[in-house]
Amino acid sequence: MNDHELDDEPITTSVGLTLTVAPMGDLRGNLATIVGESLLAMLTVFYPQALCKKANVVITELVQNVIDNVSDPASQMRVDLRIDGDALQVQVTNKATVEQYQVVKDRVDQLTTATDPKRLFADTLRARRLQRLRGGLGLIRLVSENRFRLSATYAGEQLTMQAVFPLRGAQ
């Protein structure tokens, strides 16, 4: 995916979408992929394919992280997507324990302070292969390959992950 495609057409359409799913314990099928692919199809009506693919990647990753780490099957997940002339922004909020938040926060801090995210990705991939571990690379790929800025906040037992891809001055 070529980020320079985003320079070809200025973004003039604003889109905001919210999806709420509850209870999380009732999920069947691959919700992350279905939501990501559905948004990809809908967003292509308004935006360049490169931006739509970025939305698909970030939604799929953040929703799958929630599904993989549900702490309370009766809880809900909220997904907010906003696109305007300045940024693609996604927030995913779900119930989490303080311990879960701290793990996420530590990982996000590691990614946001990395001076060379691509090098961090390569080193992490190599280490995981040596340990024969699978997965666990989604957030780092959002930063190193897709150039999202990540943040995590916690309030009232709710963990919110935010990913922002700037559309102006992104290069």
# chains A, B, ... in the order shown; residues from 1 in each chain; ligands from 1

$ residues_around --residues "Arg82 in chain A" --least-positions-apart "5" --cutoff "8 Å" --atoms "only C-alpha atoms" --output "VMD selection string"
chain A and resid 14 to 17 87 to 90

$ residues_around --residues "Gln91 in chain A" --least-positions-apart "4" --cutoff "6 Å" --atoms "only C-alpha atoms" --output "list in words"
Val79, Asp80, Met161 and Gln162 of chain A

$ write_last_selection --atoms "C-alpha atoms" --output "mmCIF file, in the first residue's frame"
data_model
loop_
_atom_site.group_PDB
_atom_site.id
_atom_site.type_symbol
_atom_site.label_atom_id
_atom_site.label_comp_id
_atom_site.auth_asym_id
_atom_site.auth_seq_id
_atom_site.Cartn_x
_atom_site.Cartn_y
_atom_site.Cartn_z
ATOM 1 C CA VAL A 79 -15.541 0.943 18.132
ATOM 2 C CA ASP A 80 -15.401 4.555 16.928
ATOM 3 C CA MET A 161 -6.904 2.094 22.508
ATOM 4 C CA GLN A 162 -6.537 4.886 19.999
#

$ residues_around --residues "Phe148 in chain A" --least-positions-apart "6" --cutoff "10 Å" --atoms "only C-alpha atoms" --output "ChimeraX atom specification"
/A:54,58,88-89,112,139-142,162-166,170

$ write_last_selection --atoms "all heavy atoms" --output "compact mmCIF listing (two decimals), in the first residue's frame"
# COMPACT_ATOMS: atom_id res chain seq x y z
N LYS A 54 -5.93 1.00 5.17
CA LYS A 54 -5.41 1.33 6.50
C LYS A 54 -6.52 1.21 7.55
O LYS A 54 -6.29 0.70 8.65
CB LYS A 54 -4.81 2.73 6.52
CG LYS A 54 -3.44 2.80 5.88
CD LYS A 54 -2.79 4.13 6.11
CE LYS A 54 -1.43 4.18 5.45
NZ LYS A 54 -0.46 3.26 6.03
N VAL A 58 -6.33 -1.41 10.81
CA VAL A 58 -6.37 -0.95 12.20
C VAL A 58 -7.62 -1.48 12.91
O VAL A 58 -7.54 -1.91 14.07
CB VAL A 58 -6.23 0.58 12.31
CG1 VAL A 58 -7.45 1.32 11.80
CG2 VAL A 58 -5.92 0.99 13.74
N LEU A 88 -7.27 9.81 10.00
CA LEU A 88 -8.06 8.60 10.22
C LEU A 88 -7.83 8.25 11.68
O LEU A 88 -6.68 8.10 12.11
CB LEU A 88 -7.56 7.46 9.32
CG LEU A 88 -7.89 6.02 9.74
CD1 LEU A 88 -9.39 5.78 9.76
CD2 LEU A 88 -7.21 5.04 8.80
N GLN A 89 -8.90 8.20 12.45
CA GLN A 89 -8.78 7.93 13.89
C GLN A 89 -9.72 6.80 14.28
O GLN A 89 -10.89 6.82 13.92
CB GLN A 89 -9.13 9.18 14.69
CG GLN A 89 -9.09 8.97 16.19
CD GLN A 89 -9.41 10.26 16.92
OE1 GLN A 89 -8.87 11.31 16.60
NE2 GLN A 89 -10.27 10.18 17.91
N THR A 112 5.81 3.69 21.00
CA THR A 112 5.81 5.13 20.74
C THR A 112 7.16 5.78 21.02
O THR A 112 7.43 6.86 20.51
CB THR A 112 4.71 5.86 21.53
OG1 THR A 112 4.89 5.62 22.92
CG2 THR A 112 3.32 5.39 21.11
N LEU A 139 0.19 -4.72 16.90
CA LEU A 139 0.40 -3.32 17.25
C LEU A 139 1.68 -2.77 16.65
O LEU A 139 1.72 -1.64 16.16
CB LEU A 139 0.40 -3.13 18.77
CG LEU A 139 -0.92 -3.38 19.49
CD1 LEU A 139 -0.75 -3.16 20.99
CD2 LEU A 139 -2.03 -2.51 18.94
N ILE A 140 2.73 -3.58 16.69
CA ILE A 140 4.00 -3.11 16.14
C ILE A 140 3.89 -2.91 14.63
O ILE A 140 4.49 -1.99 14.07
CB ILE A 140 5.16 -4.06 16.53
CG1 ILE A 140 6.50 -3.37 16.32
CG2 ILE A 140 5.10 -5.36 15.77
CD1 ILE A 140 7.66 -4.13 16.92
N ARG A 141 3.09 -3.73 13.97
CA ARG A 141 2.89 -3.55 12.52
C ARG A 141 2.09 -2.27 12.24
O ARG A 141 2.32 -1.61 11.22
CB ARG A 141 2.20 -4.76 11.92
CG ARG A 141 3.10 -5.98 11.95
CD ARG A 141 2.45 -7.13 11.30
NE ARG A 141 2.86 -7.06 9.90
CZ ARG A 141 2.79 -8.08 9.08
NH1 ARG A 141 2.29 -9.22 9.48
NH2 ARG A 141 3.19 -7.96 7.85
N LEU A 142 1.15 -1.93 13.11
CA LEU A 142 0.40 -0.69 12.93
C LEU A 142 1.35 0.51 12.93
O LEU A 142 1.18 1.45 12.16
CB LEU A 142 -0.65 -0.51 14.02
CG LEU A 142 -1.86 -1.43 13.96
CD1 LEU A 142 -2.79 -1.15 15.14
CD2 LEU A 142 -2.61 -1.31 12.64
N GLN A 162 -6.33 3.95 21.09
CA GLN A 162 -6.54 4.89 20.00
C GLN A 162 -5.40 4.75 18.99
O GLN A 162 -4.25 4.64 19.38
CB GLN A 162 -6.60 6.32 20.51
CG GLN A 162 -6.78 7.33 19.38
CD GLN A 162 -7.02 8.71 19.89
OE1 GLN A 162 -8.13 9.07 20.22
NE2 GLN A 162 -5.96 9.52 19.94
N ALA A 163 -5.78 4.75 17.72
CA ALA A 163 -4.80 4.74 16.64
C ALA A 163 -5.14 5.88 15.70
O ALA A 163 -6.31 6.04 15.29
CB ALA A 163 -4.86 3.42 15.90
N VAL A 164 -4.14 6.71 15.38
CA VAL A 164 -4.35 7.87 14.52
C VAL A 164 -3.36 7.81 13.38
O VAL A 164 -2.16 7.62 13.59
CB VAL A 164 -4.18 9.19 15.31
CG1 VAL A 164 -4.31 10.40 14.39
CG2 VAL A 164 -5.16 9.27 16.46
N PHE A 165 -3.88 8.00 12.16
CA PHE A 165 -3.04 8.13 10.99
C PHE A 165 -3.29 9.53 10.42
O PHE A 165 -4.39 9.82 9.94
CB PHE A 165 -3.38 7.08 9.92
CG PHE A 165 -2.55 7.22 8.68
CD1 PHE A 165 -1.24 6.78 8.65
CD2 PHE A 165 -3.08 7.83 7.55
CE1 PHE A 165 -0.46 6.93 7.51
CE2 PHE A 165 -2.31 7.99 6.41
CZ PHE A 165 -1.00 7.53 6.39
N PRO A 166 -2.28 10.41 10.51
CA PRO A 166 -2.48 11.78 10.01
C PRO A 166 -2.55 11.80 8.48
O PRO A 166 -1.78 11.13 7.81
CB PRO A 166 -1.25 12.52 10.53
CG PRO A 166 -0.25 11.48 10.82
CD PRO A 166 -0.98 10.20 11.08
N ALA A 170 1.53 13.72 6.47
CA ALA A 170 1.82 12.35 6.86
C ALA A 170 3.16 11.86 6.36
O ALA A 170 3.71 10.92 6.88
CB ALA A 170 0.71 11.42 6.33

$ atom_distance --atom1 "CA of Ala22 in chain A" --atom2 "CA of Met42 in chain A"
22.9 Å

$ select_by_dssp --residues "range 34-130 of chain A" --states "strand (DSSP E)" --output "PDB file with all heavy atoms, in the first residue's frame"
ATOM      1  N   MET A  77     -18.049  -3.869  23.846  1.00  0.00           N
ATOM      2  CA  MET A  77     -16.952  -3.238  23.120  1.00  0.00           C
ATOM      3  C   MET A  77     -17.566  -2.129  22.274  1.00  0.00           C
ATOM      4  O   MET A  77     -18.629  -2.294  21.685  1.00  0.00           O
ATOM      5  CB  MET A  77     -16.264  -4.250  22.205  1.00  0.00           C
ATOM      6  CG  MET A  77     -15.266  -3.622  21.247  1.00  0.00           C
ATOM      7  SD  MET A  77     -14.569  -4.812  20.068  1.00  0.00           S
ATOM      8  CE  MET A  77     -16.013  -5.271  19.117  1.00  0.00           C
ATOM      9  N   ARG A  78     -16.868  -1.007  22.237  1.00  0.00           N
ATOM     10  CA  ARG A  78     -17.304   0.111  21.394  1.00  0.00           C
ATOM     11  C   ARG A  78     -16.170   0.455  20.445  1.00  0.00           C
ATOM     12  O   ARG A  78     -15.013   0.615  20.862  1.00  0.00           O
ATOM     13  CB  ARG A  78     -17.654   1.316  22.259  1.00  0.00           C
ATOM     14  CG  ARG A  78     -18.073   2.524  21.450  1.00  0.00           C
ATOM     15  CD  ARG A  78     -18.340   3.714  22.358  1.00  0.00           C
ATOM     16  NE  ARG A  78     -18.475   4.912  21.569  1.00  0.00           N
ATOM     17  CZ  ARG A  78     -19.556   5.669  21.546  1.00  0.00           C
ATOM     18  NH1 ARG A  78     -20.604   5.350  22.278  1.00  0.00           N
ATOM     19  NH2 ARG A  78     -19.590   6.757  20.809  1.00  0.00           N
ATOM     20  N   VAL A  79     -16.508   0.580  19.162  1.00  0.00           N
ATOM     21  CA  VAL A  79     -15.541   0.943  18.132  1.00  0.00           C
ATOM     22  C   VAL A  79     -16.000   2.266  17.523  1.00  0.00           C
ATOM     23  O   VAL A  79     -17.142   2.374  17.081  1.00  0.00           O
ATOM     24  CB  VAL A  79     -15.466  -0.136  17.027  1.00  0.00           C
ATOM     25  CG1 VAL A  79     -14.479   0.271  15.944  1.00  0.00           C
ATOM     26  CG2 VAL A  79     -15.116  -1.496  17.608  1.00  0.00           C
ATOM     27  N   ASP A  80     -15.117   3.253  17.538  1.00  0.00           N
ATOM     28  CA  ASP A  80     -15.401   4.555  16.928  1.00  0.00           C
ATOM     29  C   ASP A  80     -14.372   4.814  15.839  1.00  0.00           C
ATOM     30  O   ASP A  80     -13.165   4.752  16.092  1.00  0.00           O
ATOM     31  CB  ASP A  80     -15.307   5.676  17.968  1.00  0.00           C
ATOM     32  CG  ASP A  80     -16.405   5.584  19.004  1.00  0.00           C
ATOM     33  OD1 ASP A  80     -17.574   5.740  18.619  1.00  0.00           O
ATOM     34  OD2 ASP A  80     -16.089   5.350  20.188  1.00  0.00           O
ATOM     35  N   LEU A  81     -14.865   5.096  14.648  1.00  0.00           N
ATOM     36  CA  LEU A  81     -14.001   5.428  13.527  1.00  0.00           C
ATOM     37  C   LEU A  81     -14.384   6.819  13.043  1.00  0.00           C
ATOM     38  O   LEU A  81     -15.574   7.120  12.896  1.00  0.00           O
ATOM     39  CB  LEU A  81     -14.189   4.421  12.381  1.00  0.00           C
ATOM     40  CG  LEU A  81     -13.415   4.756  11.104  1.00  0.00           C
ATOM     41  CD1 LEU A  81     -12.682   3.537  10.599  1.00  0.00           C
ATOM     42  CD2 LEU A  81     -14.328   5.313  10.033  1.00  0.00           C
ATOM     43  N   ARG A  82     -13.380   7.661  12.843  1.00  0.00           N
ATOM     44  CA  ARG A  82     -13.592   9.011  12.318  1.00  0.00           C
ATOM     45  C   ARG A  82     -12.547   9.263  11.232  1.00  0.00           C
ATOM     46  O   ARG A  82     -11.361   8.993  11.427  1.00  0.00           O
ATOM     47  CB  ARG A  82     -13.421  10.079  13.406  1.00  0.00           C
ATOM     48  CG  ARG A  82     -14.356   9.955  14.579  1.00  0.00           C
ATOM     49  CD  ARG A  82     -15.756  10.457  14.258  1.00  0.00           C
ATOM     50  NE  ARG A  82     -16.661  10.251  15.372  1.00  0.00           N
ATOM     51  CZ  ARG A  82     -17.495   9.229  15.497  1.00  0.00           C
ATOM     52  NH1 ARG A  82     -17.518   8.296  14.595  1.00  0.00           N
ATOM     53  NH2 ARG A  82     -18.319   9.123  16.514  1.00  0.00           N
ATOM     54  N   ILE A  83     -13.019   9.795  10.124  1.00  0.00           N
ATOM     55  CA  ILE A  83     -12.118  10.227   9.062  1.00  0.00           C
ATOM     56  C   ILE A  83     -12.559  11.630   8.655  1.00  0.00           C
ATOM     57  O   ILE A  83     -13.749  11.860   8.428  1.00  0.00           O
ATOM     58  CB  ILE A  83     -12.165   9.306   7.826  1.00  0.00           C
ATOM     59  CG1 ILE A  83     -11.815   7.857   8.198  1.00  0.00           C
ATOM     60  CG2 ILE A  83     -11.208   9.825   6.746  1.00  0.00           C
ATOM     61  CD1 ILE A  83     -11.968   6.871   7.051  1.00  0.00           C
ATOM     62  N   ALA A  87      -7.213  13.413   9.621  1.00  0.00           N
ATOM     63  CA  ALA A  87      -6.744  12.126  10.144  1.00  0.00           C
ATOM     64  C   ALA A  87      -7.784  11.027   9.996  1.00  0.00           C
ATOM     65  O   ALA A  87      -8.987  11.281   9.898  1.00  0.00           O
ATOM     66  CB  ALA A  87      -6.392  12.274  11.627  1.00  0.00           C
ATOM     67  N   LEU A  88      -7.271   9.808  10.003  1.00  0.00           N
ATOM     68  CA  LEU A  88      -8.055   8.598  10.218  1.00  0.00           C
ATOM     69  C   LEU A  88      -7.831   8.254  11.678  1.00  0.00           C
ATOM     70  O   LEU A  88      -6.681   8.099  12.108  1.00  0.00           O
ATOM     71  CB  LEU A  88      -7.561   7.461   9.323  1.00  0.00           C
ATOM     72  CG  LEU A  88      -7.887   6.024   9.739  1.00  0.00           C
ATOM     73  CD1 LEU A  88      -9.387   5.781   9.761  1.00  0.00           C
ATOM     74  CD2 LEU A  88      -7.213   5.044   8.796  1.00  0.00           C
ATOM     75  N   GLN A  89      -8.903   8.199  12.455  1.00  0.00           N
ATOM     76  CA  GLN A  89      -8.776   7.931  13.887  1.00  0.00           C
ATOM     77  C   GLN A  89      -9.722   6.798  14.275  1.00  0.00           C
ATOM     78  O   GLN A  89     -10.893   6.816  13.921  1.00  0.00           O
ATOM     79  CB  GLN A  89      -9.130   9.178  14.686  1.00  0.00           C
ATOM     80  CG  GLN A  89      -9.091   8.974  16.186  1.00  0.00           C
ATOM     81  CD  GLN A  89      -9.405  10.262  16.918  1.00  0.00           C
ATOM     82  OE1 GLN A  89      -8.871  11.314  16.603  1.00  0.00           O
ATOM     83  NE2 GLN A  89     -10.270  10.178  17.912  1.00  0.00           N
ATOM     84  N   VAL A  90      -9.194   5.837  15.011  1.00  0.00           N
ATOM     85  CA  VAL A  90      -9.991   4.722  15.504  1.00  0.00           C
ATOM     86  C   VAL A  90      -9.776   4.603  16.996  1.00  0.00           C
ATOM     87  O   VAL A  90      -8.633   4.634  17.476  1.00  0.00           O
ATOM     88  CB  VAL A  90      -9.602   3.394  14.817  1.00  0.00           C
ATOM     89  CG1 VAL A  90     -10.351   2.223  15.429  1.00  0.00           C
ATOM     90  CG2 VAL A  90      -9.866   3.477  13.324  1.00  0.00           C
ATOM     91  N   GLN A  91     -10.877   4.458  17.731  1.00  0.00           N
ATOM     92  CA  GLN A  91     -10.820   4.184  19.164  1.00  0.00           C
ATOM     93  C   GLN A  91     -11.624   2.925  19.428  1.00  0.00           C
ATOM     94  O   GLN A  91     -12.742   2.791  18.917  1.00  0.00           O
ATOM     95  CB  GLN A  91     -11.416   5.322  19.988  1.00  0.00           C
ATOM     96  CG  GLN A  91     -10.596   6.570  20.000  1.00  0.00           C
ATOM     97  CD  GLN A  91     -11.187   7.621  20.917  1.00  0.00           C
ATOM     98  OE1 GLN A  91     -12.392   7.688  21.126  1.00  0.00           O
ATOM     99  NE2 GLN A  91     -10.330   8.456  21.479  1.00  0.00           N
ATOM    100  N   VAL A  92     -11.050   2.031  20.212  1.00  0.00           N
ATOM    101  CA  VAL A  92     -11.751   0.824  20.627  1.00  0.00           C
ATOM    102  C   VAL A  92     -11.716   0.793  22.151  1.00  0.00           C
ATOM    103  O   VAL A  92     -10.647   0.866  22.752  1.00  0.00           O
ATOM    104  CB  VAL A  92     -11.115  -0.446  20.029  1.00  0.00           C
ATOM    105  CG1 VAL A  92     -11.829  -1.693  20.519  1.00  0.00           C
ATOM    106  CG2 VAL A  92     -11.141  -0.384  18.507  1.00  0.00           C
ATOM    107  N   THR A  93     -12.911   0.702  22.745  1.00  0.00           N
ATOM    108  CA  THR A  93     -13.038   0.738  24.200  1.00  0.00           C
ATOM    109  C   THR A  93     -13.697  -0.547  24.671  1.00  0.00           C
ATOM    110  O   THR A  93     -14.677  -1.006  24.075  1.00  0.00           O
ATOM    111  CB  THR A  93     -13.888   1.955  24.634  1.00  0.00           C
ATOM    112  OG1 THR A  93     -13.261   3.145  24.144  1.00  0.00           O
ATOM    113  CG2 THR A  93     -14.016   2.033  26.148  1.00  0.00           C
ATOM    114  N   ASN A  94     -13.147  -1.114  25.732  1.00  0.00           N
ATOM    115  CA  ASN A  94     -13.702  -2.330  26.310  1.00  0.00           C
ATOM    116  C   ASN A  94     -13.338  -2.417  27.788  1.00  0.00           C
ATOM    117  O   ASN A  94     -12.421  -1.742  28.256  1.00  0.00           O
ATOM    118  CB  ASN A  94     -13.192  -3.570  25.573  1.00  0.00           C
ATOM    119  CG  ASN A  94     -11.691  -3.744  25.712  1.00  0.00           C
ATOM    120  OD1 ASN A  94     -10.928  -2.959  25.152  1.00  0.00           O
ATOM    121  ND2 ASN A  94     -11.266  -4.749  26.456  1.00  0.00           N
ATOM    122  N   LYS A  95     -14.072  -3.264  28.502  1.00  0.00           N
ATOM    123  CA  LYS A  95     -13.774  -3.486  29.910  1.00  0.00           C
ATOM    124  C   LYS A  95     -12.476  -4.277  30.021  1.00  0.00           C
ATOM    125  O   LYS A  95     -12.261  -5.242  29.291  1.00  0.00           O
ATOM    126  CB  LYS A  95     -14.920  -4.254  30.574  1.00  0.00           C
ATOM    127  CG  LYS A  95     -14.742  -4.415  32.067  1.00  0.00           C
ATOM    128  CD  LYS A  95     -15.964  -5.058  32.696  1.00  0.00           C
ATOM    129  CE  LYS A  95     -15.793  -5.147  34.215  1.00  0.00           C
ATOM    130  NZ  LYS A  95     -16.991  -5.762  34.822  1.00  0.00           N
TER     131      LYS A  95
END

$ select_by_dssp --residues "chain A" --states "alpha helix (DSSP H)" --output "PyMOL selection string"
chain A and resi 5-8+31-43+49-68+98-113+117-130+138-144

$ write_last_selection --atoms "C-alpha atoms" --output "PDB file, in the first residue's frame"
ATOM      1  CA  GLU A   5      -1.742   7.669  -3.045  1.00  0.00           C
ATOM      2  CA  LEU A   6      -3.270   9.647  -0.187  1.00  0.00           C
ATOM      3  CA  ASP A   7      -1.689  12.820  -1.573  1.00  0.00           C
ATOM      4  CA  ASP A   8      -3.450  12.466  -4.937  1.00  0.00           C
ATOM      5  CA  LEU A  31     -16.013 -10.483  14.074  1.00  0.00           C
ATOM      6  CA  ALA A  32     -12.739  -8.586  13.589  1.00  0.00           C
ATOM      7  CA  THR A  33     -12.411  -9.607   9.950  1.00  0.00           C
ATOM      8  CA  ILE A  34     -16.107  -9.077   9.206  1.00  0.00           C
ATOM      9  CA  VAL A  35     -16.095  -5.559  10.682  1.00  0.00           C
ATOM     10  CA  GLY A  36     -12.823  -4.675   8.940  1.00  0.00           C
ATOM     11  CA  GLU A  37     -13.959  -5.964   5.539  1.00  0.00           C
ATOM     12  CA  SER A  38     -17.387  -4.331   5.849  1.00  0.00           C
ATOM     13  CA  LEU A  39     -15.807  -0.965   6.617  1.00  0.00           C
ATOM     14  CA  LEU A  40     -13.342  -1.410   3.769  1.00  0.00           C
ATOM     15  CA  ALA A  41     -16.206  -1.944   1.332  1.00  0.00           C
ATOM     16  CA  MET A  42     -18.227   0.999   2.635  1.00  0.00           C
ATOM     17  CA  LEU A  43     -15.338   3.466   2.857  1.00  0.00           C
ATOM     18  CA  GLN A  49      -8.179   2.508  -1.619  1.00  0.00           C
ATOM     19  CA  ALA A  50      -4.937   3.082   0.337  1.00  0.00           C
ATOM     20  CA  LEU A  51      -6.792   4.887   3.138  1.00  0.00           C
ATOM     21  CA  CYS A  52      -9.558   2.280   3.185  1.00  0.00           C
ATOM     22  CA  LYS A  53      -6.972  -0.493   3.556  1.00  0.00           C
ATOM     23  CA  LYS A  54      -5.412   1.330   6.500  1.00  0.00           C
ATOM     24  CA  ALA A  55      -8.845   1.567   8.143  1.00  0.00           C
ATOM     25  CA  ASN A  56      -9.347  -2.162   7.568  1.00  0.00           C
ATOM     26  CA  VAL A  57      -5.971  -3.073   9.064  1.00  0.00           C
ATOM     27  CA  VAL A  58      -6.374  -0.952  12.198  1.00  0.00           C
ATOM     28  CA  ILE A  59      -9.994  -1.970  12.867  1.00  0.00           C
ATOM     29  CA  THR A  60      -9.211  -5.656  12.382  1.00  0.00           C
ATOM     30  CA  GLU A  61      -6.192  -5.520  14.699  1.00  0.00           C
ATOM     31  CA  LEU A  62      -7.744  -3.520  17.529  1.00  0.00           C
ATOM     32  CA  VAL A  63     -11.028  -5.465  17.507  1.00  0.00           C
ATOM     33  CA  GLN A  64      -9.174  -8.801  17.468  1.00  0.00           C
ATOM     34  CA  ASN A  65      -7.083  -7.677  20.461  1.00  0.00           C
ATOM     35  CA  VAL A  66     -10.294  -7.011  22.407  1.00  0.00           C
ATOM     36  CA  ILE A  67     -11.771 -10.376  21.427  1.00  0.00           C
ATOM     37  CA  ASP A  68      -8.592 -12.209  22.438  1.00  0.00           C
ATOM     38  CA  VAL A  98      -5.793  -2.799  35.598  1.00  0.00           C
ATOM     39  CA  GLU A  99      -3.267  -5.566  34.877  1.00  0.00           C
ATOM     40  CA  GLN A 100      -4.464  -5.884  31.273  1.00  0.00           C
ATOM     41  CA  TYR A 101      -4.256  -2.128  30.837  1.00  0.00           C
ATOM     42  CA  GLN A 102      -0.714  -2.044  32.200  1.00  0.00           C
ATOM     43  CA  VAL A 103       0.441  -4.712  29.731  1.00  0.00           C
ATOM     44  CA  VAL A 104      -1.117  -2.757  26.853  1.00  0.00           C
ATOM     45  CA  LYS A 105       0.234   0.580  28.116  1.00  0.00           C
ATOM     46  CA  ASP A 106       3.766  -0.821  28.465  1.00  0.00           C
ATOM     47  CA  ARG A 107       3.624  -2.160  24.904  1.00  0.00           C
ATOM     48  CA  VAL A 108       2.269   1.101  23.504  1.00  0.00           C
ATOM     49  CA  ASP A 109       4.937   3.061  25.391  1.00  0.00           C
ATOM     50  CA  GLN A 110       7.637   0.799  23.933  1.00  0.00           C
ATOM     51  CA  LEU A 111       6.278   1.375  20.430  1.00  0.00           C
ATOM     52  CA  THR A 112       5.814   5.129  20.738  1.00  0.00           C
ATOM     53  CA  THR A 113       9.305   5.695  22.114  1.00  0.00           C
ATOM     54  CA  PRO A 117       9.983   1.158  14.601  1.00  0.00           C
ATOM     55  CA  LYS A 118      10.983  -0.929  11.570  1.00  0.00           C
ATOM     56  CA  ARG A 119      14.091  -2.140  13.356  1.00  0.00           C
ATOM     57  CA  LEU A 120      12.042  -2.911  16.480  1.00  0.00           C
ATOM     58  CA  PHE A 121       9.648  -4.920  14.304  1.00  0.00           C
ATOM     59  CA  ALA A 122      12.488  -6.904  12.699  1.00  0.00           C
ATOM     60  CA  ASP A 123      14.141  -7.587  16.080  1.00  0.00           C
ATOM     61  CA  THR A 124      10.822  -8.604  17.645  1.00  0.00           C
ATOM     62  CA  LEU A 125       9.969 -10.874  14.735  1.00  0.00           C
ATOM     63  CA  ARG A 126      13.364 -12.559  14.931  1.00  0.00           C
ATOM     64  CA  ALA A 127      13.072 -13.094  18.697  1.00  0.00           C
ATOM     65  CA  ARG A 128       9.546 -14.510  18.404  1.00  0.00           C
ATOM     66  CA  ARG A 129      10.666 -16.934  15.677  1.00  0.00           C
ATOM     67  CA  LEU A 130      13.553 -18.136  17.806  1.00  0.00           C
ATOM     68  CA  GLY A 138      -0.239  -6.529  15.342  1.00  0.00           C
ATOM     69  CA  LEU A 139       0.396  -3.316  17.251  1.00  0.00           C
ATOM     70  CA  ILE A 140       4.000  -3.111  16.141  1.00  0.00           C
ATOM     71  CA  ARG A 141       2.892  -3.546  12.523  1.00  0.00           C
ATOM     72  CA  LEU A 142       0.404  -0.687  12.928  1.00  0.00           C
ATOM     73  CA  VAL A 143       3.321   1.551  13.907  1.00  0.00           C
ATOM     74  CA  SER A 144       6.165   0.236  11.737  1.00  0.00           C
TER      75      SER A 144
END
